[in-house]
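Printed here is protein_31.cif (mmCIF, C-alpha atoms):
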data_structure
#
loop_
_atom_site.group_PDB
_atom_site.id
_atom_site.type_symbol
_atom_site.label_atom_id
_atom_site.label_comp_id
_atom_site.auth_asym_id
_atom_site.auth_seq_id
_atom_site.Cartn_x
_atom_site.Cartn_y
_atom_site.Cartn_z
ATOM 1 C CA MET U 1 3.155 12.288 -43.801
ATOM 2 C CA THR U 2 1.570 14.034 -40.847
ATOM 3 C CA ASP U 3 1.738 12.618 -37.330
ATOM 4 C CA SER U 4 -2.009 12.362 -36.785
ATOM 5 C CA ARG U 5 -3.421 11.071 -33.542
ATOM 6 C CA THR U 6 -6.823 9.845 -32.405
ATOM 7 C CA TRP U 7 -8.151 10.260 -28.871
ATOM 8 C CA LEU U 8 -11.158 9.039 -26.928
ATOM 9 C CA ALA U 9 -12.814 11.417 -24.447
ATOM 10 C CA ILE U 10 -15.306 10.041 -21.905
ATOM 11 C CA GLU U 11 -17.494 11.672 -19.295
ATOM 12 C CA THR U 12 -19.326 9.518 -16.754
ATOM 13 C CA GLY U 13 -22.150 11.349 -15.007
ATOM 14 C CA GLY U 14 -24.763 10.346 -12.499
ATOM 15 C CA THR U 15 -27.409 10.096 -15.214
ATOM 16 C CA LYS U 16 -25.587 10.050 -18.566
ATOM 17 C CA LEU U 17 -22.435 8.711 -20.188
ATOM 18 C CA LEU U 18 -20.800 10.723 -22.994
ATOM 19 C CA ALA U 19 -18.041 9.769 -25.418
ATOM 20 C CA ARG U 20 -16.288 11.517 -28.280
ATOM 21 C CA LEU U 21 -13.666 10.315 -30.760
ATOM 22 C CA VAL U 22 -11.337 13.038 -32.009
ATOM 23 C CA ARG U 23 -8.799 12.926 -34.839
ATOM 24 C CA ASP U 24 -6.319 15.788 -34.476
ATOM 25 C CA ASP U 25 -8.744 18.685 -33.868
ATOM 26 C CA SER U 26 -11.771 17.204 -35.630
ATOM 27 C CA ALA U 27 -14.527 15.205 -33.946
ATOM 28 C CA LEU U 28 -15.160 11.879 -35.694
ATOM 29 C CA ALA U 29 -18.142 10.781 -33.627
ATOM 30 C CA GLU U 30 -19.997 11.496 -30.409
ATOM 31 C CA GLU U 31 -22.539 9.418 -28.489
ATOM 32 C CA ARG U 32 -24.436 9.358 -25.199
ATOM 33 C CA TRP U 33 -26.092 6.660 -23.137
ATOM 34 C CA PRO U 34 -27.890 6.551 -19.784
ATOM 35 C CA THR U 35 -25.581 5.704 -16.887
ATOM 36 C CA THR U 36 -26.592 2.260 -15.665
ATOM 37 C CA THR U 37 -23.918 -0.252 -14.615
ATOM 38 C CA PRO U 38 -20.117 -0.234 -15.020
ATOM 39 C CA GLU U 39 -20.386 -3.350 -17.182
ATOM 40 C CA ALA U 40 -22.911 -1.701 -19.504
ATOM 41 C CA ALA U 41 -20.723 1.422 -19.712
ATOM 42 C CA GLU U 42 -17.661 -0.645 -20.635
ATOM 43 C CA SER U 43 -19.575 -2.549 -23.309
ATOM 44 C CA ALA U 44 -21.081 0.610 -24.822
ATOM 45 C CA LEU U 45 -17.727 2.397 -24.966
ATOM 46 C CA LEU U 46 -15.881 -0.549 -26.523
ATOM 47 C CA ASP U 47 -18.606 -0.943 -29.155
ATOM 48 C CA PHE U 48 -18.493 2.806 -29.840
ATOM 49 C CA VAL U 49 -14.749 2.721 -30.503
ATOM 50 C CA ALA U 50 -14.956 -0.453 -32.601
ATOM 51 C CA GLU U 51 -17.778 0.931 -34.752
ATOM 52 C CA ARG U 52 -16.580 4.523 -35.165
ATOM 53 C CA LEU U 53 -12.797 4.206 -35.417
ATOM 54 C CA ARG U 54 -12.123 4.419 -39.130
ATOM 55 C CA SER U 55 -10.029 1.946 -41.068
ATOM 56 C CA GLY U 56 -6.314 2.472 -40.594
ATOM 57 C CA MET U 57 -6.721 4.662 -37.512
ATOM 58 C CA VAL U 58 -5.124 3.657 -34.213
ATOM 59 C CA LEU U 59 -6.287 5.013 -30.872
ATOM 60 C CA SER U 60 -3.503 6.943 -29.110
ATOM 61 C CA GLY U 61 -5.017 7.422 -25.659
ATOM 62 C CA ALA U 62 -8.165 8.086 -23.685
ATOM 63 C CA GLY U 63 -9.257 10.454 -20.941
ATOM 64 C CA MET U 64 -12.114 10.134 -18.478
ATOM 65 C CA ALA U 65 -13.961 12.851 -16.575
ATOM 66 C CA ALA U 66 -15.673 10.793 -13.897
ATOM 67 C CA PHE U 67 -18.123 11.224 -11.064
ATOM 68 C CA GLY U 68 -16.649 10.381 -7.685
ATOM 69 C CA PRO U 69 -15.414 9.683 -5.194
ATOM 70 C CA ILE U 70 -12.692 8.091 -7.306
ATOM 71 C CA VAL U 71 -8.959 7.389 -6.984
ATOM 72 C CA VAL U 72 -7.163 9.920 -9.203
ATOM 73 C CA ASP U 73 -3.527 9.226 -8.247
ATOM 74 C CA PRO U 74 -1.839 7.598 -11.293
ATOM 75 C CA ALA U 75 0.695 5.963 -8.943
ATOM 76 C CA ALA U 76 -2.011 4.146 -6.952
ATOM 77 C CA ALA U 77 -2.529 0.442 -7.577
ATOM 78 C CA ASN U 78 -6.296 1.074 -7.755
ATOM 79 C CA TYR U 79 -6.062 4.169 -9.955
ATOM 80 C CA GLY U 80 -9.558 4.857 -11.273
ATOM 81 C CA GLU U 81 -11.480 2.868 -8.654
ATOM 82 C CA VAL U 82 -14.792 4.362 -7.541
ATOM 83 C CA LEU U 83 -15.050 4.504 -3.747
ATOM 84 C CA ALA U 84 -18.221 4.479 -1.613
ATOM 85 C CA THR U 85 -20.947 6.153 -3.683
ATOM 86 C CA PRO U 86 -24.755 6.170 -3.566
ATOM 87 C CA LYS U 87 -24.769 5.268 -7.283
ATOM 88 C CA PRO U 88 -25.921 1.612 -7.271
ATOM 89 C CA GLY U 89 -23.349 -0.872 -8.539
ATOM 90 C CA TRP U 90 -20.478 1.575 -8.914
ATOM 91 C CA SER U 91 -18.700 1.316 -5.545
ATOM 92 C CA GLY U 92 -15.477 -0.607 -6.166
ATOM 93 C CA ALA U 93 -15.815 -0.456 -9.971
ATOM 94 C CA ASN U 94 -12.817 0.557 -12.083
ATOM 95 C CA LEU U 95 -13.936 1.482 -15.585
ATOM 96 C CA ARG U 96 -10.605 3.208 -16.273
ATOM 97 C CA ALA U 97 -8.582 0.035 -15.683
ATOM 98 C CA ALA U 98 -11.036 -2.104 -17.661
ATOM 99 C CA LEU U 99 -10.852 0.206 -20.681
ATOM 100 C CA GLU U 100 -7.071 0.491 -20.524
ATOM 101 C CA HIS U 101 -6.825 -3.310 -20.563
ATOM 102 C CA ARG U 102 -9.336 -3.798 -23.396
ATOM 103 C CA LEU U 103 -8.267 -0.850 -25.574
ATOM 104 C CA GLY U 104 -4.524 -1.339 -25.081
ATOM 105 C CA VAL U 105 -3.830 2.403 -24.671
ATOM 106 C CA PRO U 106 -3.156 4.579 -21.611
ATOM 107 C CA VAL U 107 -6.323 5.936 -20.007
ATOM 108 C CA ALA U 108 -6.155 8.953 -17.678
ATOM 109 C CA VAL U 109 -8.907 9.857 -15.240
ATOM 110 C CA ASP U 110 -9.839 12.883 -13.168
ATOM 111 C CA THR U 111 -13.060 14.016 -11.559
ATOM 112 C CA ASP U 112 -15.689 15.489 -13.845
ATOM 113 C CA VAL U 113 -15.411 18.854 -12.097
ATOM 114 C CA ASN U 114 -11.603 18.931 -12.190
ATOM 115 C CA ALA U 115 -11.694 18.093 -15.895
ATOM 116 C CA ALA U 116 -14.329 20.768 -16.501
ATOM 117 C CA ALA U 117 -12.238 23.308 -14.585
ATOM 118 C CA LEU U 118 -9.266 22.454 -16.798
ATOM 119 C CA ALA U 119 -11.298 22.953 -19.972
ATOM 120 C CA GLU U 120 -12.860 26.227 -18.841
ATOM 121 C CA LEU U 121 -9.384 27.474 -17.853
ATOM 122 C CA GLU U 122 -7.885 26.637 -21.232
ATOM 123 C CA SER U 123 -10.664 27.701 -23.586
ATOM 124 C CA GLY U 124 -13.803 28.711 -21.695
ATOM 125 C CA ALA U 125 -15.068 31.179 -19.117
ATOM 126 C CA GLY U 126 -11.781 31.075 -17.211
ATOM 127 C CA ARG U 127 -9.497 31.741 -20.150
ATOM 128 C CA GLY U 128 -6.759 34.172 -19.186
ATOM 129 C CA CYS U 129 -7.036 33.402 -15.462
ATOM 130 C CA ALA U 130 -4.242 31.796 -13.465
ATOM 131 C CA SER U 131 -6.685 29.533 -11.633
ATOM 132 C CA VAL U 132 -10.328 28.549 -12.010
ATOM 133 C CA ALA U 133 -12.703 26.767 -9.664
ATOM 134 C CA TYR U 134 -15.524 24.923 -11.414
ATOM 135 C CA VAL U 135 -18.780 24.201 -9.591
ATOM 136 C CA THR U 136 -21.666 22.130 -10.901
ATOM 137 C CA VAL U 137 -25.033 22.002 -9.155
ATOM 138 C CA GLY U 138 -27.250 19.364 -10.680
ATOM 139 C CA THR U 139 -28.062 15.785 -9.687
ATOM 140 C CA GLY U 140 -25.025 16.063 -7.446
ATOM 141 C CA LEU U 141 -22.853 18.982 -6.391
ATOM 142 C CA GLY U 142 -19.121 19.101 -6.910
ATOM 143 C CA ALA U 143 -16.235 21.497 -7.368
ATOM 144 C CA GLY U 144 -12.760 21.253 -8.842
ATOM 145 C CA LEU U 145 -9.776 23.552 -9.268
ATOM 146 C CA ALA U 146 -7.469 23.963 -12.252
ATOM 147 C CA ARG U 147 -4.389 26.095 -12.617
ATOM 148 C CA ALA U 148 -1.389 26.129 -14.919
ATOM 149 C CA GLY U 149 -0.050 22.599 -15.167
ATOM 150 C CA GLY U 150 -2.937 20.589 -13.821
ATOM 151 C CA THR U 151 -5.752 20.154 -11.353
ATOM 152 C CA LEU U 152 -5.967 19.942 -7.584
ATOM 153 C CA ALA U 153 -5.653 16.550 -5.948
ATOM 154 C CA GLY U 154 -4.253 15.446 -2.616
ATOM 155 C CA ALA U 155 -4.668 12.090 -0.929
ATOM 156 C CA LEU U 156 -7.859 11.888 -2.999
ATOM 157 C CA HIS U 157 -9.562 14.849 -4.688
ATOM 158 C CA PRO U 158 -11.635 17.830 -3.528
ATOM 159 C CA GLU U 159 -15.114 16.967 -2.227
ATOM 160 C CA MET U 160 -16.529 20.460 -1.895
ATOM 161 C CA GLY U 161 -20.057 19.186 -2.371
ATOM 162 C CA HIS U 162 -19.898 17.666 1.094
ATOM 163 C CA VAL U 163 -18.578 20.623 3.063
ATOM 164 C CA PRO U 164 -20.976 21.536 5.902
ATOM 165 C CA VAL U 165 -23.295 24.503 5.517
ATOM 166 C CA LEU U 166 -25.108 26.336 8.291
ATOM 167 C CA ARG U 167 -28.858 25.873 8.105
ATOM 168 C CA LEU U 168 -30.991 28.971 7.906
ATOM 169 C CA ASP U 169 -33.137 29.568 10.978
ATOM 170 C CA GLY U 170 -36.417 27.721 10.551
ATOM 171 C CA ASP U 171 -35.252 25.545 7.651
ATOM 172 C CA SER U 172 -36.063 21.998 8.736
ATOM 173 C CA THR U 173 -35.925 20.440 5.256
ATOM 174 C CA PRO U 174 -34.086 17.103 5.565
ATOM 175 C CA SER U 175 -30.767 16.709 3.786
ATOM 176 C CA THR U 176 -30.913 14.368 0.785
ATOM 177 C CA CYS U 177 -27.291 13.318 1.282
ATOM 178 C CA PRO U 178 -27.143 9.803 2.785
ATOM 179 C CA PHE U 179 -23.858 10.648 4.510
ATOM 180 C CA HIS U 180 -24.337 14.141 5.991
ATOM 181 C CA PRO U 181 -27.236 15.943 7.704
ATOM 182 C CA SER U 182 -26.295 19.405 6.405
ATOM 183 C CA CYS U 183 -23.833 19.578 3.517
ATOM 184 C CA ALA U 184 -23.949 21.680 0.358
ATOM 185 C CA GLU U 185 -25.053 18.773 -1.829
ATOM 186 C CA GLY U 186 -27.643 17.553 0.627
ATOM 187 C CA MET U 187 -29.172 21.017 0.935
ATOM 188 C CA ALA U 188 -28.795 22.572 -2.533
ATOM 189 C CA ALA U 189 -28.314 19.940 -5.274
ATOM 190 C CA GLY U 190 -31.155 18.946 -7.596
ATOM 191 C CA PRO U 191 -32.735 16.230 -5.426
ATOM 192 C CA ALA U 192 -32.649 18.540 -2.385
ATOM 193 C CA VAL U 193 -34.340 21.333 -4.327
ATOM 194 C CA GLN U 194 -37.007 18.964 -5.643
ATOM 195 C CA ALA U 195 -37.666 17.579 -2.153
ATOM 196 C CA ARG U 196 -38.218 21.004 -0.654
ATOM 197 C CA LEU U 197 -40.429 22.295 -3.478
ATOM 198 C CA ALA U 198 -42.893 19.391 -3.780
ATOM 199 C CA GLY U 199 -43.711 20.209 -7.402
ATOM 200 C CA ARG U 200 -43.415 24.014 -7.196
ATOM 201 C CA ARG U 201 -40.889 26.081 -9.154
ATOM 202 C CA LEU U 202 -37.960 27.472 -7.179
ATOM 203 C CA GLU U 203 -38.424 30.983 -8.564
ATOM 204 C CA GLU U 204 -42.043 30.902 -7.368
ATOM 205 C CA SER U 205 -41.089 30.094 -3.757
ATOM 206 C CA PRO U 206 -39.161 33.044 -2.247
ATOM 207 C CA GLY U 207 -38.303 31.293 1.005
ATOM 208 C CA ASP U 208 -36.889 28.210 -0.703
ATOM 209 C CA PHE U 209 -35.108 30.362 -3.311
ATOM 210 C CA ALA U 210 -33.421 32.326 -0.520
ATOM 211 C CA ALA U 211 -32.403 29.129 1.299
ATOM 212 C CA VAL U 212 -30.827 27.508 -1.769
ATOM 213 C CA ALA U 213 -29.062 30.775 -2.666
ATOM 214 C CA ASP U 214 -27.710 31.025 0.880
ATOM 215 C CA TYR U 215 -26.320 27.471 0.884
ATOM 216 C CA LEU U 216 -24.684 27.999 -2.504
ATOM 217 C CA GLY U 217 -23.321 31.343 -1.317
ATOM 218 C CA GLN U 218 -21.794 29.621 1.696
ATOM 219 C CA LEU U 219 -20.188 27.095 -0.641
ATOM 220 C CA PHE U 220 -18.743 29.831 -2.868
ATOM 221 C CA ALA U 221 -17.332 31.587 0.217
ATOM 222 C CA THR U 222 -15.723 28.340 1.400
ATOM 223 C CA ILE U 223 -14.099 27.943 -2.018
ATOM 224 C CA VAL U 224 -12.762 31.500 -1.821
ATOM 225 C CA PHE U 225 -11.328 30.930 1.669
ATOM 226 C CA ALA U 226 -9.900 27.478 0.888
ATOM 227 C CA TRP U 227 -8.652 27.859 -2.691
ATOM 228 C CA SER U 228 -8.600 31.617 -3.454
ATOM 229 C CA PRO U 229 -9.318 31.084 -7.167
ATOM 230 C CA HIS U 230 -9.105 33.903 -9.673
ATOM 231 C CA ARG U 231 -12.577 32.951 -10.941
ATOM 232 C CA ILE U 232 -15.443 30.596 -10.146
ATOM 233 C CA VAL U 233 -17.292 29.050 -13.085
ATOM 234 C CA ALA U 234 -20.613 27.725 -11.802
ATOM 235 C CA GLY U 235 -23.182 25.784 -13.800
ATOM 236 C CA GLY U 236 -25.545 22.830 -13.721
ATOM 237 C CA GLY U 237 -29.312 22.517 -13.908
ATOM 238 C CA VAL U 238 -30.066 24.133 -10.554
ATOM 239 C CA LEU U 239 -28.145 27.296 -11.464
ATOM 240 C CA ALA U 240 -30.254 27.639 -14.607
ATOM 241 C CA VAL U 241 -33.006 29.068 -12.346
ATOM 242 C CA PRO U 242 -33.201 32.790 -13.235
ATOM 243 C CA GLY U 243 -31.410 35.002 -10.728
ATOM 244 C CA LEU U 244 -30.104 32.182 -8.526
ATOM 245 C CA ARG U 245 -26.430 32.596 -9.434
ATOM 246 C CA GLU U 246 -26.589 36.321 -8.705
ATOM 247 C CA ALA U 247 -28.396 35.740 -5.398
ATOM 248 C CA ALA U 248 -25.773 33.157 -4.415
ATOM 249 C CA VAL U 249 -22.992 35.663 -5.171
ATOM 250 C CA ALA U 250 -24.666 38.201 -2.883
ATOM 251 C CA ARG U 251 -24.813 35.583 -0.126
ATOM 252 C CA MET U 252 -21.159 34.704 -0.808
ATOM 253 C CA LEU U 253 -20.116 38.298 -0.248
ATOM 254 C CA ALA U 254 -22.141 38.405 2.967
ATOM 255 C CA ALA U 255 -20.510 35.185 4.155
ATOM 256 C CA LEU U 256 -17.031 36.579 3.458
ATOM 257 C CA GLY U 257 -17.899 39.212 6.034
ATOM 258 C CA GLY U 258 -15.506 41.844 4.746
ATOM 259 C CA TYR U 259 -12.455 39.691 5.454
ATOM 260 C CA GLY U 260 -9.444 40.392 3.244
ATOM 261 C CA VAL U 261 -9.617 37.809 0.488
ATOM 262 C CA GLY U 262 -8.125 39.993 -2.255
ATOM 263 C CA GLU U 263 -9.609 41.817 -5.211
ATOM 264 C CA ALA U 264 -10.556 38.843 -7.394
ATOM 265 C CA ALA U 265 -13.568 37.708 -5.348
ATOM 266 C CA HIS U 266 -15.029 41.223 -5.398
ATOM 267 C CA ALA U 267 -14.527 41.860 -9.096
ATOM 268 C CA PRO U 268 -17.565 41.950 -11.419
ATOM 269 C CA GLY U 269 -18.022 38.582 -13.083
ATOM 270 C CA PHE U 270 -15.991 36.661 -10.500
ATOM 271 C CA VAL U 271 -18.685 33.954 -10.575
ATOM 272 C CA ARG U 272 -19.656 33.154 -14.169
ATOM 273 C CA ALA U 273 -21.699 30.657 -16.127
ATOM 274 C CA PRO U 274 -19.745 28.017 -18.086
ATOM 275 C CA ALA U 275 -18.782 28.911 -21.638
ATOM 276 C CA LEU U 276 -18.435 25.305 -22.846
ATOM 277 C CA GLU U 277 -21.439 23.074 -23.497
ATOM 278 C CA HIS U 278 -19.659 19.889 -22.395
ATOM 279 C CA ALA U 279 -16.767 21.141 -20.267
ATOM 280 C CA GLY U 280 -16.186 17.744 -18.656
ATOM 281 C CA LEU U 281 -15.846 16.047 -22.031
ATOM 282 C CA GLU U 282 -13.527 18.811 -23.264
ATOM 283 C CA GLY U 283 -11.424 18.294 -20.142
ATOM 284 C CA ALA U 284 -11.344 14.541 -20.756
ATOM 285 C CA LEU U 285 -9.947 15.256 -24.219
ATOM 286 C CA ILE U 286 -7.169 17.337 -22.644
ATOM 287 C CA LEU U 287 -6.358 14.410 -20.338
ATOM 288 C CA ALA U 288 -6.311 12.012 -23.295
ATOM 289 C CA ARG U 289 -3.894 14.171 -25.261
ATOM 290 C CA ARG U 290 -1.602 14.523 -22.272
ATOM 291 C CA VAL U 291 -1.505 10.828 -21.447
ATOM 292 C CA ALA U 292 -1.006 9.935 -25.132
ATOM 293 C CA THR U 293 1.981 12.280 -25.323
ATOM 294 C CA ASN U 294 3.520 11.095 -22.060
ATOM 295 C CA PRO U 295 1.892 8.045 -20.457
ATOM 296 C CA LEU U 296 4.060 8.362 -17.344
ATOM 297 C CA ARG U 297 3.034 11.946 -16.622
ATOM 298 C CA PRO U 298 0.495 12.200 -13.780
ATOM 299 C CA ALA U 299 -2.894 13.471 -14.887
ATOM 300 C CA THR U 300 -3.130 15.666 -11.789
ATOM 301 C CA GLU U 301 -0.699 17.528 -9.585
#
Will you turn the file into structure tokens for me?
Amino acid sequence: MTDSRTWLAIETGGTKLLARLVRDDSALAEERWPTTTPEAAESALLDFVAERLRSGMVLSGAGMAAFGPIVVDPAAANYGEVLATPKPGWSGANLRAALEHRLGVPVAVDTDVNAAALAELESGAGRGCASVAYVTVGTGLGAGLARAGGTLAGALHPEMGHVPVLRLDGDSTPSTCPFHPSCAEGMAAGPAVQARLAGRRLEESPGDFAAVADYLGQLFATIVFAWSPHRIVAGGGVLAVPGLREAAVARMLAALGGYGVGEAAHAPGFVRAPALEHAGLEGALILARRVATNPLRPATE
């Protein structure tokens, strides 16, 4: 008799909620819903498990790749609690704790970008690297770091989307971040790009294209200085604009200013597109397997 196990992987995003049930290495079911309220998310996920878990199967553990800010320290009394966020209804919510109570299995949580970094390191665009920074530029902007053994977390978790960026001369476009007047997310995430374009396409507006590329390049340079990753995997809807990733890399190199940051940041392909379609969900599955094997092991280091 084989020791088969079943895991639940969850990704909570600003606009969508994803879930996948996996038996050993085979997906049993996958579903998505719009992200509305924590209560609706809990109900949808519990119904998904109840309907899709086959007769005789027992859930072994679950992993969540979550938008933040969120408490990711497994030793914290409020492990999994969402902190102050512009997402209506989510500040103070703890979907992780609710699911752990209702499902009766350990549930691990990390940020969506940390989980995605872990997945891309293990089986994606960062495979073979000792460390990988993952950046997503979409509805929000975030970055996480994975290396052998886990992901980066301190008192909380990295919030690279909110590092300050220097405005280009003449760029008076207001930041869309409700917390900061000039941070990477407020100047280069999806809502910021939409606000500055007023219906135009980014690739058809050279000045705006250059500004967004510059702010993303500054962010990449900050990641190089702060984390010194062996590779940056950068994706999200904004970076789907043709040529933007390459332009941001050029601005990154300019922002580094020739300072000695090692060979990795100057190597061809240092900044790459993701190789996994749902890296956050794949990372959540890794978290689920780890917590199912050893519930007392921290999900992050």
Report task. Rank nothing, just name the residue among U:Val72, U:Met57, U:Ala247, U:Val224 nearest to U:Tyr134, using only C-alpha atoms. Result ->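 Smallest distance to U:Tyr134 is found for U:Val224.
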Query raised in the report: For this file, the PyMOL selection byres ((chain U and resi 34) around 12) selects which residues, as number ranges by chain?
Result: U: 11-19, 31-33, 35-38, 40-41, 44
Query - For U:Asp169, the nearest of the candidates U:Ala210, U:Ala255, U:Leu95, U:Val109, counting all atoms listed in the file - result: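 Checking each of U:Ala210, U:Ala255, U:Leu95, U:Val109 against U:Asp169, counting all atoms listed in the file, the winner is U:Ala210.
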Query raised in the report: For the atom pair atom CA of U:Arg200 and atom CA of U:Leu166, what is the interatomic distance in Å to one decimal place?
Result: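 Taking atom CA of U:Arg200 as the start and atom CA of U:Leu166 as the end point, the length is 24.1 Å.
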Query - U:Ala93 surroundings by only C-alpha atoms, 12 Å radius, close-in-sequence under 5 positions cut, as number ranges by chain - result: U: 37-42, 66-71, 78-85, 87-88, 98-99
Query - Spatial sel., origin (-12.1, 6.8, -24.0), limit 9 Å, only C-alpha atoms, listed as a ChimeraX atom specification - result: /U:7-11,19-21,45-46,49,61-64,96,99-100,103,107-108,284-285,288
Query raised in the report: With all atoms listed in the file as the basis for distance, which of U:Val163, U:Ala65, U:Ala153, U:Ala273 is at the shortest distance from U:Arg231?
Result: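 Nearest to U:Arg231: U:Ala273.
Minimum atom-to-atom distances from U:Ala130, U:Val193, U:Met160, U:Ala234 to U:Phe209 were compared using all atoms listed in the file, and the lowest value belongs to U:Val193.
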Report summary line: Between atom CA of U:Ala184 and atom CA of U:Leu216 lies a distance of 7.0 Å
Requested in this report: Determine, counting only C-alpha atoms, every residue of protein, DNA or RNA that lies within 10 Å of (-20.4, 19.6, -4.7) in the file coordinates, then give the result as a ChimeraX atom specification.
Outcome: /U:113,134-144,158-163,183-186,188-189,216,219
Query raised in the report: What does the distance from atom CA of U:Pro268 to atom CA of U:Gln218 come to in Å, to one decimal?
Result: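 About the pair atom CA of U:Pro268 and atom CA of U:Gln218: they are 18.5 Å apart.
Across U:Ala264, U:Val165, U:Val238, U:Leu152, the tightest approach to U:Arg201 is made by U:Val238 when counting all atoms listed in the file.
Considering only C-alpha atoms, the residue among U:Gly128, U:Val271, U:Gly207, U:Leu244 positioned nearest to U:Ile223 is U:Val271.
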Report task. Write out as a PyMOL selection string each polymer residue whose atoms come within 10 Å of U:Glu246, counting all atoms listed in the file; drop sequence neighbours fewer than 4 positions from it. Result -> chain U and resi 213+217+239+242+250-252+269+271-272
